[in-house]
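So this block is entry-v6.txt, compact mmCIF, C-alpha atoms:
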```txt
# COMPACT_ATOMS: atom_id res chain seq x y z
CA MET A 1 -38.87 -158.17 -130.05
CA PRO A 2 -38.57 -157.26 -126.36
CA ILE A 3 -39.93 -153.96 -125.07
CA SER A 4 -37.31 -151.41 -124.07
CA LEU A 5 -37.12 -149.81 -120.64
CA THR A 6 -38.03 -146.41 -122.11
CA GLN A 7 -41.06 -147.80 -123.95
CA ARG A 8 -42.46 -149.29 -120.74
CA MET A 9 -42.85 -145.78 -119.33
CA VAL A 10 -45.18 -144.64 -122.12
CA THR A 11 -47.54 -147.49 -122.95
CA ASP A 12 -50.66 -145.91 -121.44
CA PRO A 13 -53.15 -145.29 -124.31
CA THR A 14 -53.38 -141.61 -123.36
CA ILE A 15 -49.65 -141.01 -123.97
CA VAL A 16 -49.57 -140.09 -127.65
CA THR A 17 -47.23 -138.14 -129.93
CA ASP A 18 -49.05 -136.03 -132.47
CA ALA A 19 -49.07 -133.10 -134.87
CA THR A 20 -51.70 -131.02 -136.66
CA VAL A 21 -51.76 -129.33 -140.06
CA ILE A 22 -54.43 -126.93 -141.34
CA PHE A 23 -55.26 -126.76 -145.05
CA ASP A 24 -56.39 -123.37 -146.37
CA GLY A 25 -57.30 -124.18 -149.94
CA PRO A 26 -58.68 -127.16 -151.87
CA TYR A 27 -57.95 -130.66 -150.59
CA ASP A 28 -58.63 -134.26 -151.62
CA LEU A 29 -59.33 -136.65 -148.74
CA GLY A 30 -58.95 -139.73 -150.93
CA VAL A 31 -55.47 -138.72 -152.06
CA LEU A 32 -54.59 -137.79 -148.49
CA GLU A 33 -55.54 -141.29 -147.30
CA ALA A 34 -53.46 -142.77 -150.13
CA ALA A 35 -50.49 -140.68 -148.96
CA ALA A 36 -50.96 -142.05 -145.44
CA HIS A 37 -50.74 -145.58 -146.88
CA VAL A 38 -47.45 -144.64 -148.56
CA VAL A 39 -45.98 -143.53 -145.23
CA CYS A 40 -47.33 -146.53 -143.34
CA ARG A 41 -45.86 -148.91 -145.90
CA ARG A 42 -42.43 -147.21 -145.58
CA HIS A 43 -42.02 -147.26 -141.79
CA ASP A 44 -42.34 -150.38 -139.66
CA ALA A 45 -42.99 -148.31 -136.50
CA THR A 46 -46.35 -147.20 -137.92
CA ARG A 47 -47.31 -150.90 -137.98
CA THR A 48 -45.80 -151.94 -134.64
CA THR A 49 -47.88 -152.92 -131.62
CA VAL A 50 -46.49 -152.90 -128.07
CA ASP A 51 -48.15 -155.30 -125.64
CA LEU A 52 -47.04 -155.28 -122.00
CA ASP A 53 -49.21 -158.29 -121.20
CA GLU A 54 -47.26 -160.38 -123.70
CA ASN A 55 -44.03 -158.47 -123.00
CA ARG A 56 -43.25 -157.97 -126.66
CA GLN A 57 -43.60 -155.62 -129.57
CA THR A 58 -44.60 -156.93 -132.97
CA VAL A 59 -44.00 -155.48 -136.44
CA HIS A 60 -46.98 -156.24 -138.68
CA GLY A 61 -46.92 -156.40 -142.45
CA PHE A 62 -48.60 -153.58 -144.30
CA ARG A 63 -52.32 -153.85 -144.92
CA ALA A 64 -54.97 -151.25 -145.59
CA ASP A 65 -56.45 -151.32 -142.08
CA ALA A 66 -53.04 -150.51 -140.57
CA VAL A 67 -54.02 -146.88 -141.23
CA GLY A 68 -56.86 -145.44 -139.18
CA PHE A 69 -58.25 -142.64 -141.37
CA HIS A 70 -61.37 -140.89 -140.03
CA VAL A 71 -63.31 -137.90 -141.38
CA HIS A 72 -65.29 -135.60 -139.07
CA ARG A 73 -67.28 -132.39 -139.49
CA ALA A 74 -66.13 -129.42 -137.40
CA SER A 75 -68.52 -128.55 -134.57
CA THR A 76 -70.18 -125.15 -134.23
CA ASP A 77 -67.55 -124.01 -131.71
CA GLY A 78 -64.82 -124.12 -134.35
CA LEU A 79 -62.19 -126.17 -136.11
CA MET A 80 -59.45 -126.44 -133.48
CA PRO A 81 -61.76 -127.06 -130.50
CA THR A 82 -63.15 -130.02 -132.47
CA VAL A 83 -59.62 -131.25 -133.20
CA ASP A 84 -58.70 -130.95 -129.52
CA ARG A 85 -61.67 -133.04 -128.41
CA LEU A 86 -61.07 -135.77 -130.96
CA ALA A 87 -57.31 -135.83 -130.38
CA ARG A 88 -57.78 -136.74 -126.73
CA THR A 89 -59.26 -140.13 -127.66
CA PRO A 90 -56.84 -142.78 -126.31
CA LEU A 91 -54.80 -144.78 -128.81
CA ASN A 92 -54.08 -148.34 -127.72
CA PRO A 93 -50.47 -149.31 -128.59
CA ALA A 94 -51.28 -153.03 -128.35
CA THR A 95 -53.78 -153.13 -131.25
CA LEU A 96 -53.68 -152.03 -134.89
CA PRO A 97 -54.17 -149.44 -136.19
CA VAL A 98 -51.66 -147.42 -134.20
CA PHE A 99 -51.28 -144.86 -137.01
CA ARG A 100 -54.32 -142.58 -136.74
CA LEU A 101 -55.35 -139.63 -138.90
CA LEU A 102 -58.36 -137.44 -138.08
CA ALA A 103 -59.54 -135.16 -140.89
CA VAL A 104 -61.78 -132.42 -139.47
CA VAL A 105 -63.63 -130.59 -142.24
CA GLU A 106 -64.82 -127.02 -141.77
CA SER A 107 -65.57 -126.21 -145.44
CA ALA A 108 -64.57 -127.20 -148.95
CA ARG A 109 -61.49 -125.00 -148.59
CA ARG A 110 -60.54 -125.40 -144.94
CA MET A 111 -59.68 -128.57 -143.10
CA ALA A 112 -57.45 -129.70 -140.22
CA LEU A 113 -55.59 -133.02 -140.20
CA HIS A 114 -54.45 -134.45 -136.89
CA LEU A 115 -52.03 -137.37 -137.02
CA SER A 116 -50.93 -139.42 -134.05
CA LEU A 117 -48.99 -142.51 -133.01
CA PRO A 118 -48.63 -144.03 -129.53
CA HIS A 119 -45.54 -142.70 -127.80
CA ALA A 120 -44.50 -146.32 -127.28
CA VAL A 121 -43.77 -146.61 -131.02
CA ALA A 122 -42.90 -143.01 -131.98
CA ASP A 123 -41.20 -140.03 -130.37
CA ILE A 124 -41.72 -136.37 -131.33
CA SER A 125 -38.88 -136.47 -133.87
CA ALA A 126 -40.66 -139.39 -135.54
CA ILE A 127 -43.86 -137.35 -135.83
CA GLU A 128 -41.93 -134.58 -137.58
CA ILE A 129 -40.65 -137.16 -140.08
CA VAL A 130 -44.13 -138.61 -140.62
CA MET A 131 -45.68 -135.19 -141.19
CA ARG A 132 -42.98 -134.17 -143.65
CA GLU A 133 -43.31 -137.39 -145.66
CA LEU A 134 -47.11 -137.30 -145.53
CA MET A 135 -47.29 -133.79 -147.00
CA THR A 136 -44.56 -134.52 -149.55
CA SER A 137 -46.32 -137.72 -150.66
CA TYR A 138 -49.70 -135.98 -150.87
CA ALA A 139 -48.27 -133.19 -153.05
CA ALA A 140 -46.71 -135.75 -155.41
CA LEU A 141 -49.80 -137.94 -155.65
CA LEU A 142 -51.97 -134.91 -156.48
CA LYS A 143 -49.77 -134.41 -159.55
CA GLY A 144 -49.94 -138.09 -160.49
CA GLU A 145 -46.29 -138.59 -159.53
CA ALA A 146 -44.61 -141.21 -157.36
CA PRO A 147 -43.41 -139.67 -154.07
CA ALA A 148 -39.65 -139.16 -153.94
CA LEU A 149 -38.73 -140.04 -150.35
CA PRO A 150 -35.30 -140.81 -148.88
CA VAL A 151 -34.10 -144.32 -148.16
CA THR A 152 -34.34 -144.87 -144.43
CA ARG A 153 -33.29 -147.41 -141.85
CA GLN A 154 -36.10 -149.27 -140.10
CA HIS A 155 -36.64 -149.05 -136.36
CA ALA A 156 -36.62 -152.84 -135.98
CA ASP A 157 -33.19 -152.94 -137.66
CA HIS A 158 -31.96 -150.34 -135.20
CA LEU A 159 -33.21 -152.38 -132.23
CA ARG A 160 -31.51 -155.52 -133.55
CA ARG A 161 -28.28 -153.61 -134.01
CA ARG A 162 -28.45 -152.33 -130.42
CA ASP A 163 -29.04 -155.91 -129.19
CA LEU A 164 -25.99 -157.14 -131.11
CA VAL A 165 -23.81 -154.40 -129.63
CA CYS A 166 -24.93 -155.21 -126.08
CA ALA A 167 -24.53 -158.97 -126.62
CA ASP A 168 -20.99 -158.66 -128.04
CA PRO A 169 -18.40 -159.65 -125.38
CA ALA A 170 -15.98 -157.10 -126.86
CA THR A 171 -18.34 -154.32 -125.75
CA TRP A 172 -17.72 -155.21 -122.10
CA ARG A 173 -13.99 -155.88 -122.16
CA GLU A 174 -11.74 -153.51 -120.28
CA ASP A 175 -11.21 -151.24 -123.30
CA GLY A 176 -14.72 -151.69 -124.76
CA THR A 177 -17.33 -148.96 -125.10
CA GLY A 178 -19.60 -150.67 -122.58
CA SER A 179 -16.88 -151.02 -119.96
CA ARG A 180 -15.85 -147.36 -120.33
CA ALA A 181 -19.47 -146.20 -120.13
CA ALA A 182 -20.10 -148.35 -117.05
CA ALA A 183 -17.10 -146.85 -115.24
CA PHE A 184 -18.12 -143.32 -116.23
CA TRP A 185 -21.73 -143.62 -115.02
CA SER A 186 -20.77 -145.51 -111.86
CA GLY A 187 -18.66 -142.56 -110.75
CA LYS A 188 -21.04 -139.92 -112.08
CA LEU A 189 -24.12 -141.22 -110.28
CA SER A 190 -22.61 -142.47 -107.03
CA GLY A 191 -24.67 -140.96 -104.21
CA SER A 192 -27.00 -139.06 -106.54
CA ARG A 193 -30.57 -138.41 -105.50
CA PRO A 194 -33.60 -136.64 -106.95
CA PRO A 195 -34.08 -132.95 -106.15
CA PRO A 196 -36.17 -132.61 -102.95
CA PHE A 197 -39.36 -131.18 -104.40
CA ASP A 198 -42.45 -131.00 -102.22
CA ARG A 199 -45.23 -133.56 -102.51
CA PRO A 200 -48.87 -132.44 -102.68
CA PRO A 201 -51.39 -133.72 -100.11
CA ARG A 202 -52.58 -137.25 -100.75
CA GLY A 203 -55.88 -137.64 -102.53
CA ARG A 204 -57.41 -137.50 -105.98
CA PRO A 205 -58.04 -133.90 -107.02
CA GLU A 206 -60.80 -133.31 -109.55
CA GLY A 207 -59.96 -132.57 -113.17
CA ASP A 208 -57.12 -133.65 -115.42
CA ARG A 209 -54.23 -135.36 -113.71
CA THR A 210 -51.62 -133.76 -115.98
CA VAL A 211 -51.09 -129.98 -115.81
CA PHE A 212 -49.41 -127.83 -118.48
CA LEU A 213 -47.69 -124.51 -117.80
CA ARG A 214 -46.67 -122.66 -120.97
CA GLU A 215 -44.63 -119.59 -121.84
CA ARG A 216 -43.46 -118.08 -125.12
CA ILE A 217 -39.98 -116.56 -125.33
CA ASP A 218 -39.98 -113.84 -127.98
CA GLY A 219 -37.62 -113.72 -130.92
CA ASP A 220 -35.53 -110.88 -129.47
CA LEU A 221 -34.64 -112.81 -126.32
CA ARG A 222 -33.99 -115.95 -128.35
CA SER A 223 -31.59 -113.99 -130.60
CA ARG A 224 -29.73 -112.66 -127.58
CA LEU A 225 -29.43 -116.16 -126.14
CA GLN A 226 -28.16 -117.44 -129.49
CA GLN A 227 -25.55 -114.65 -129.53
CA VAL A 228 -24.38 -115.79 -126.10
CA CYS A 229 -24.04 -119.34 -127.42
CA VAL A 230 -21.95 -118.19 -130.39
CA GLN A 231 -19.80 -116.05 -128.12
CA GLU A 232 -19.26 -118.84 -125.58
CA ARG A 233 -18.94 -121.61 -128.19
CA CYS A 234 -21.79 -123.69 -126.85
CA SER A 235 -25.26 -124.69 -127.98
CA LEU A 236 -28.71 -123.47 -127.04
CA PHE A 237 -29.24 -126.83 -125.34
CA HIS A 238 -26.22 -126.19 -123.07
CA LEU A 239 -27.61 -122.80 -122.10
CA THR A 240 -31.06 -124.25 -121.50
CA LEU A 241 -29.58 -126.97 -119.28
CA ALA A 242 -27.56 -124.45 -117.27
CA ALA A 243 -30.62 -122.25 -116.67
CA PHE A 244 -32.71 -125.28 -115.76
CA GLU A 245 -30.19 -126.57 -113.22
CA GLU A 246 -29.89 -123.15 -111.60
CA ALA A 247 -33.67 -122.82 -111.40
CA VAL A 248 -34.03 -126.29 -109.80
CA ALA A 249 -31.23 -125.61 -107.32
CA THR A 250 -32.70 -122.25 -106.34
CA GLN A 251 -36.19 -123.69 -105.93
CA THR A 252 -35.10 -126.65 -103.78
CA ALA A 253 -32.13 -125.08 -101.93
CA GLU A 254 -30.13 -128.15 -102.95
CA PRO A 255 -26.74 -127.60 -104.64
CA ASP A 256 -26.20 -131.21 -105.81
CA ILE A 257 -28.51 -131.51 -108.80
CA THR A 258 -29.04 -134.62 -110.94
CA THR A 259 -31.02 -133.81 -114.06
CA MET A 260 -32.58 -136.39 -116.36
CA CYS A 261 -32.57 -135.24 -119.98
CA MET A 262 -34.38 -136.75 -122.93
CA VAL A 263 -32.53 -136.78 -126.26
CA HIS A 264 -33.79 -137.85 -129.67
CA GLY A 265 -31.38 -140.81 -129.99
CA ARG A 266 -30.68 -140.23 -133.68
CA GLY A 267 -26.99 -139.47 -133.37
CA GLU A 268 -26.10 -142.18 -135.89
CA GLY A 269 -26.36 -140.62 -139.33
CA ASP A 270 -28.41 -143.39 -140.94
CA LEU A 271 -31.17 -142.94 -138.36
CA GLN A 272 -32.04 -139.32 -139.17
CA ASN A 273 -35.19 -140.34 -141.10
CA THR A 274 -36.12 -143.35 -138.96
CA VAL A 275 -39.59 -143.38 -137.45
CA GLY A 276 -39.70 -145.07 -134.06
CA MET A 277 -39.19 -144.70 -130.34
CA LEU A 278 -35.51 -143.76 -130.39
CA ILE A 279 -35.61 -141.27 -127.54
CA CYS A 280 -33.20 -142.09 -124.70
CA ASP A 281 -32.12 -140.74 -121.33
CA ILE A 282 -28.99 -138.90 -120.29
CA ALA A 283 -28.26 -137.84 -116.72
CA PHE A 284 -26.28 -134.74 -115.77
CA ARG A 285 -25.05 -134.15 -112.25
CA ARG A 286 -23.46 -131.00 -110.95
CA GLN A 287 -22.76 -128.81 -107.96
CA VAL A 288 -24.67 -125.70 -108.99
CA ARG A 289 -22.21 -122.99 -108.01
CA ALA A 290 -19.72 -120.91 -110.03
CA PRO A 291 -17.95 -117.49 -109.91
CA SER A 292 -20.01 -116.41 -112.93
CA ARG A 293 -22.67 -117.67 -115.27
CA ARG A 294 -20.05 -117.64 -118.00
CA ARG A 295 -17.95 -120.13 -116.03
CA TYR A 296 -20.97 -122.25 -115.18
CA LEU A 297 -22.07 -122.38 -118.81
CA ALA A 298 -18.57 -123.50 -119.81
CA ALA A 299 -18.70 -126.28 -117.20
CA VAL A 300 -22.11 -127.45 -118.47
CA ALA A 301 -20.94 -127.49 -122.10
CA THR A 302 -17.75 -129.39 -121.24
CA ASP A 303 -19.62 -131.96 -119.19
CA ALA A 304 -22.18 -132.44 -121.97
CA TRP A 305 -19.36 -133.11 -124.43
CA ILE A 306 -17.73 -135.67 -122.11
CA THR A 307 -21.08 -137.34 -121.50
CA HIS A 308 -21.71 -137.54 -125.24
CA MET A 309 -18.49 -139.54 -125.61
CA HIS A 310 -20.16 -142.40 -123.68
CA GLN A 311 -23.36 -142.61 -125.71
CA GLY A 312 -22.24 -145.64 -127.69
CA ILE A 313 -23.96 -147.51 -124.86
CA ARG A 314 -27.21 -145.92 -123.73
CA LEU A 315 -27.82 -145.28 -120.08
CA SER A 316 -30.81 -147.63 -119.93
CA GLU A 317 -28.66 -150.45 -121.36
CA LEU A 318 -26.50 -150.30 -118.22
CA ALA A 319 -29.31 -150.69 -115.71
CA ASP A 320 -28.57 -154.41 -115.09
CA ARG A 321 -24.79 -153.96 -115.06
CA VAL A 322 -24.13 -150.79 -113.05
CA PRO A 323 -25.74 -150.61 -109.59
CA GLU A 324 -25.87 -146.80 -109.64
CA VAL A 325 -27.71 -146.82 -112.97
CA GLY A 326 -30.06 -149.55 -111.77
CA ARG A 327 -30.85 -147.47 -108.69
CA LEU A 328 -31.49 -144.44 -110.89
CA TYR A 329 -34.16 -146.31 -112.85
CA ARG A 330 -35.54 -148.26 -109.89
CA ASP A 331 -35.66 -145.62 -107.19
CA LEU A 332 -35.19 -142.20 -108.76
CA HIS A 333 -36.53 -142.26 -112.28
CA PHE A 334 -40.16 -141.43 -111.53
CA ARG A 335 -39.16 -138.82 -108.97
CA SER A 336 -36.83 -136.98 -111.34
CA MET A 337 -37.46 -133.74 -113.14
CA PHE A 338 -36.88 -134.27 -116.86
CA LEU A 339 -35.70 -131.74 -119.41
CA GLN A 340 -35.87 -131.95 -123.19
CA PHE A 341 -34.71 -129.43 -125.77
CA ARG A 342 -36.23 -129.91 -129.22
CA PRO A 343 -34.60 -127.95 -132.04
CA GLN A 344 -36.92 -129.23 -134.75
CA ARG A 345 -40.08 -127.41 -135.73
CA ILE A 346 -42.84 -129.54 -137.23
CA GLY A 347 -43.85 -128.29 -140.65
CA ALA A 348 -40.81 -126.08 -141.27
CA GLY A 349 -40.51 -125.50 -145.01
CA LEU A 350 -43.80 -127.21 -145.87
CA GLU A 351 -46.05 -124.16 -145.90
CA HIS A 352 -46.31 -124.04 -149.72
CA VAL A 353 -45.45 -127.62 -150.68
CA ILE A 354 -48.97 -128.09 -152.16
CA ASP A 355 -49.82 -125.84 -155.10
CA GLY A 356 -52.59 -123.37 -154.28
CA VAL A 357 -52.82 -124.39 -150.62
CA GLU A 358 -51.47 -122.65 -147.54
CA LEU A 359 -50.43 -125.09 -144.81
CA SER A 360 -50.04 -124.08 -141.16
CA PHE A 361 -48.98 -126.18 -138.21
CA PRO A 362 -50.52 -125.21 -134.85
CA PRO A 363 -47.95 -125.97 -132.12
CA GLY A 364 -48.60 -128.05 -129.06
CA PRO A 365 -49.38 -131.71 -128.29
CA ARG A 366 -53.15 -131.77 -128.66
CA ALA A 367 -53.53 -135.47 -127.90
CA MET A 368 -51.59 -135.11 -124.65
CA LEU A 369 -54.00 -132.54 -123.19
CA GLY A 370 -55.89 -135.33 -121.45
CA CYS A 371 -53.01 -137.72 -120.87
CA SER A 372 -52.25 -139.65 -117.72
CA TRP A 373 -48.49 -139.83 -117.26
CA PRO A 374 -48.08 -141.00 -113.65
CA GLY A 375 -45.30 -139.30 -111.74
CA MET A 376 -43.95 -137.36 -114.68
CA ALA A 377 -42.57 -133.84 -114.55
CA LEU A 378 -41.13 -132.73 -117.88
CA PHE A 379 -39.75 -129.38 -118.98
CA SER A 380 -39.81 -129.03 -122.77
CA VAL A 381 -38.09 -126.21 -124.62
CA ASP A 382 -38.84 -126.01 -128.34
CA ASP A 383 -36.92 -123.85 -130.77
CA VAL A 384 -39.78 -122.61 -132.95
CA GLY A 385 -37.75 -120.30 -135.19
CA ASP A 386 -39.25 -116.99 -134.08
CA GLY A 387 -38.72 -117.71 -130.38
CA LEU A 388 -38.75 -120.48 -127.81
CA ALA A 389 -41.79 -122.34 -126.54
CA VAL A 390 -41.40 -123.41 -122.90
CA GLU A 391 -43.74 -125.98 -121.39
CA LEU A 392 -43.75 -127.66 -117.99
CA MET A 393 -45.96 -130.75 -117.84
CA PHE A 394 -46.43 -132.42 -114.47
CA ASP A 395 -48.57 -134.93 -112.60
CA ARG A 396 -50.34 -132.88 -109.94
CA ARG A 397 -50.77 -135.94 -107.73
CA ARG A 398 -46.99 -136.19 -107.43
CA TRP A 399 -45.80 -132.58 -107.68
CA ALA A 400 -46.99 -129.54 -105.70
CA ALA A 401 -48.63 -127.16 -108.17
CA ALA A 402 -47.52 -123.94 -106.43
CA GLN A 403 -43.91 -125.09 -106.40
CA MET A 404 -44.05 -126.08 -110.06
CA GLU A 405 -45.40 -122.64 -110.95
CA ARG A 406 -42.48 -121.02 -109.09
CA LEU A 407 -40.03 -123.33 -110.84
CA HIS A 408 -41.51 -122.46 -114.23
CA ASP A 409 -41.21 -118.74 -113.54
CA GLY A 410 -37.71 -119.20 -112.11
CA PHE A 411 -36.55 -120.97 -115.25
CA ILE A 412 -37.73 -118.06 -117.41
CA ARG A 413 -35.90 -115.63 -115.11
CA CYS A 414 -32.70 -117.67 -115.41
CA LEU A 415 -32.93 -117.66 -119.21
CA ARG A 416 -33.26 -113.87 -119.15
CA ALA A 417 -30.29 -113.64 -116.77
CA TYR A 418 -28.06 -115.54 -119.18
CA ALA A 419 -29.01 -113.08 -121.91
CA SER A 420 -28.29 -110.00 -119.77
CA ASP A 421 -25.36 -110.68 -117.42
CA LEU A 422 -22.92 -113.57 -117.81
CA GLU A 423 -20.62 -112.19 -115.09
CA GLU A 424 -23.18 -112.56 -112.28
CA PRO A 425 -22.18 -115.36 -109.85
CA VAL A 426 -24.21 -118.55 -109.70
CA GLU A 427 -24.98 -118.48 -105.99
CA PRO A 428 -28.50 -119.69 -105.24
CA ALA A 429 -30.09 -118.96 -101.86
CA TRP A 430 -28.24 -121.57 -99.78
CA ALA A 431 -24.72 -120.33 -100.67
```
Can you dump the structure from the file as structure tokens?
Amino acid sequence: MPISLTQRMVTDPTIVTDATVIFDGPYDLGVLEAAAHVVCRRHDATRTTVDLDENRQTVHGFRADAVGFHVHRASTDGLMPTVDRLARTPLNPATLPVFRLLAVVESARRMALHLSLPHAVADISAIEIVMRELMTSYAALLKGEAPALPVTRQHADHLRRRDLVCADPATWREDGTGSRAAAFWSGKLSGSRPPPFDRPPRGRPEGDRTVFLRERIDGDLRSRLQQVCVQERCSLFHLTLAAFEEAVATQTAEPDITTMCMVHGRGEGDLQNTVGMLICDIAFRRQVRAPSRRRYLAAVATDAWITHMHQGIRLSELADRVPEVGRLYRDLHFRSMFLQFRPQRIGAGLEHVIDGVELSFPPGPRAMLGCSWPGMALFSVDDVGDGLAVELMFDRRRWAAAQMERLHDGFIRCLRAYASDLEEPVEPAWA
């Protein structure tokens, strides 16, 4: 199968999606490896290689060595530091195994399991699915039972279905979904440009290329933001997007803001349990100005709803048909600031799925700590149940660190402003 435009961005072996679970209680590594084989057999993405040199991705049949299961002893500096070091080992998407599990043993009753897949074959929603099924399968196999897992659509089937939709002439007729989407995005993106962020001095600074700025929003502020969403009949994503746009506009003194957003791409109901790289792009463009934050939030929510109506054809699928979309991917994509809001929480509800064992799920992408994601600047907001986790990841060779720090702080201030005063005008510094 051909490689999608989105996959091409994330084929570097350092760009990995991952999750970690800690076992406090007895564990059986042999049964755990058997559970990994169950998951690998179920999902074609865990057996898919992506090779840019050959310009194709290949689904391999299941075999035992499609699972990379490795056992390590925790170092003297502790369990999680050992996991972090091992997790940073690159994972080549062009060669099996692409499904890797690292079991780091501290004692007979404490162990951490780190699982990872190349981002080219799995997004963060896919990792949540894999973790859930892995723990569910392990719990069943310990009891001598067959795992009861839901029927799921395969990623390869999804890709073929997308190809059929795009190849169908009816899609591009005057009243077709493709024609309507093309007209919508042509008007939406005409004259758009990336926000004018500063560039750092040329050169190769020492240390990791990718920088992470992190903040935790406490449960009280999250509850107040959720109350605003209920009151204004919008979602937490809409509020996050509004705060993000205001922060970008204030930082750059530019009122015309085009924001690239990443969404999980599982809107079709039969894809909810599909493991794969289904993430896709949406662009939002707005003049960041309004008589009040209440009015601005309403405009963001309305625009998001209208944009959603055109998701039958994904933005990347229009790149060769709509000049404005092609320019977005050709000229602007790697200079854009991305935003993603992730409502899922890995491990939710699995804490006691194994009798006599307490499971915990340390947050954060451990494998990505040493990644090289050229040009990328990505704001991630995760709803973690008892608050919000905010993370700005950026390439410090492309983005000025001091400006990114101010943007990160400004975004937090904007979130707090939406919780405290919806009547305040949206009038950044240039107005």
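Between atom CA of A:Leu388 and atom CA of A:Gln251 the separation is 22.3 Å.
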Which neighbours of stretch 186-189 of chain A fall inside 12 Å, counting only C-alpha atoms, when residues of the same chain fewer than 5 positions from it are skipped, and could you give them as a VMD selection string?
chain A and resid 178 to 181 194 256 to 260 282 to 287 303 306 to 307 310 315 318 to 319 321 to 329 332
Which protein, DNA or RNA residues are at most 10 Å from (-33.9, -115.4, -127.1) in the file's coordinates when you count all atoms listed in the file, listed as number ranges by chain?
A: 217-228, 236, 383, 386-388, 415-416, 418-419
What would the file look like if the residues just selected were written as a short mmCIF file (atom, residue, chain, number, x, y, z; two decimals), in the frame of the given file with C-alpha atoms?
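To be explicit, this is the file written out as result_35.cif:
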```
data_model
loop_
_atom_site.label_atom_id
_atom_site.label_comp_id
_atom_site.auth_asym_id
_atom_site.auth_seq_id
_atom_site.Cartn_x
_atom_site.Cartn_y
_atom_site.Cartn_z
CA ILE A 217 -39.98 -116.56 -125.33
CA ASP A 218 -39.98 -113.84 -127.98
CA GLY A 219 -37.62 -113.72 -130.92
CA ASP A 220 -35.53 -110.88 -129.47
CA LEU A 221 -34.64 -112.81 -126.32
CA ARG A 222 -33.99 -115.95 -128.35
CA SER A 223 -31.59 -113.99 -130.60
CA ARG A 224 -29.73 -112.66 -127.58
CA LEU A 225 -29.43 -116.16 -126.14
CA GLN A 226 -28.16 -117.44 -129.49
CA GLN A 227 -25.55 -114.65 -129.53
CA VAL A 228 -24.38 -115.79 -126.10
CA LEU A 236 -28.71 -123.47 -127.04
CA ASP A 383 -36.92 -123.85 -130.77
CA ASP A 386 -39.25 -116.99 -134.08
CA GLY A 387 -38.72 -117.71 -130.38
CA LEU A 388 -38.75 -120.48 -127.81
CA LEU A 415 -32.93 -117.66 -119.21
CA ARG A 416 -33.26 -113.87 -119.15
CA TYR A 418 -28.06 -115.54 -119.18
CA ALA A 419 -29.01 -113.08 -121.91
#
```
Closest pair table for stretch 240-335 of chain A residues within 12 Å of stretch 146-170 of chain A, all atoms listed in the file, as JSON lines:
```
{"residue": "A:Gly265", "atom": "CA", "partner": "A:His158", "partner_atom": "CA", "distance": 10.9}
{"residue": "A:Arg266", "atom": "CA", "partner": "A:His158", "partner_atom": "CA", "distance": 10.3}
{"residue": "A:Glu268", "atom": "CA", "partner": "A:His158", "partner_atom": "CA", "distance": 10.1}
{"residue": "A:Gly269", "atom": "CA", "partner": "A:Arg153", "partner_atom": "CA", "distance": 10.0}
{"residue": "A:Asp270", "atom": "CA", "partner": "A:Arg153", "partner_atom": "CA", "distance": 6.4}
{"residue": "A:Leu271", "atom": "CA", "partner": "A:Arg153", "partner_atom": "CA", "distance": 6.1}
{"residue": "A:Gln272", "atom": "CA", "partner": "A:Thr152", "partner_atom": "CA", "distance": 8.0}
{"residue": "A:Asn273", "atom": "CA", "partner": "A:Thr152", "partner_atom": "CA", "distance": 5.7}
{"residue": "A:Thr274", "atom": "CA", "partner": "A:Arg153", "partner_atom": "CA", "distance": 5.7}
{"residue": "A:Val275", "atom": "CA", "partner": "A:His155", "partner_atom": "CA", "distance": 6.5}
{"residue": "A:Gly276", "atom": "CA", "partner": "A:His155", "partner_atom": "CA", "distance": 5.5}
{"residue": "A:Met277", "atom": "CA", "partner": "A:His155", "partner_atom": "CA", "distance": 7.9}
{"residue": "A:Leu278", "atom": "CA", "partner": "A:His155", "partner_atom": "CA", "distance": 8.1}
{"residue": "A:Ile279", "atom": "CA", "partner": "A:His155", "partner_atom": "CA", "distance": 11.8}
{"residue": "A:Gln311", "atom": "CA", "partner": "A:Arg162", "partner_atom": "CA", "distance": 11.9}
{"residue": "A:Gly312", "atom": "CA", "partner": "A:Val165", "partner_atom": "CA", "distance": 9.1}
{"residue": "A:Ile313", "atom": "CA", "partner": "A:Cys166", "partner_atom": "CA", "distance": 7.9}
{"residue": "A:Arg314", "atom": "CA", "partner": "A:Arg162", "partner_atom": "CA", "distance": 9.3}
{"residue": "A:Leu315", "atom": "CA", "partner": "A:Cys166", "partner_atom": "CA", "distance": 12.0}
{"residue": "A:Ser316", "atom": "CA", "partner": "A:Cys166", "partner_atom": "CA", "distance": 11.4}
{"residue": "A:Glu317", "atom": "CA", "partner": "A:Cys166", "partner_atom": "CA", "distance": 7.7}
{"residue": "A:Leu318", "atom": "CA", "partner": "A:Cys166", "partner_atom": "CA", "distance": 9.4}
{"residue": "A:Asp320", "atom": "CA", "partner": "A:Cys166", "partner_atom": "CA", "distance": 11.6}
{"residue": "A:Arg321", "atom": "CA", "partner": "A:Cys166", "partner_atom": "CA", "distance": 11.1}
```
Could you give me, as CSV, a per-residue list for stretch 125-147 of chain A showing, wherever an atom lies at most 12 Å from an atom of stretch 98-116 of chain A, the closest pair of atoms and their distance in Å to one decimal, using all atoms listed in the file and sorting by chain then residue number from low to high?
```
residue,atom,partner,partner_atom,distance
A:Ala126,CA,A:Ser116,CA,10.4
A:Ile127,CA,A:Ser116,CA,7.6
A:Glu128,CA,A:Leu115,CA,10.5
A:Ile129,CA,A:Leu115,CA,11.8
A:Val130,CA,A:Leu115,CA,8.8
A:Met131,CA,A:Leu115,CA,7.9
A:Arg132,CA,A:Leu115,CA,11.7
A:Leu134,CA,A:Leu115,CA,9.8
A:Met135,CA,A:Leu113,CA,10.8
```
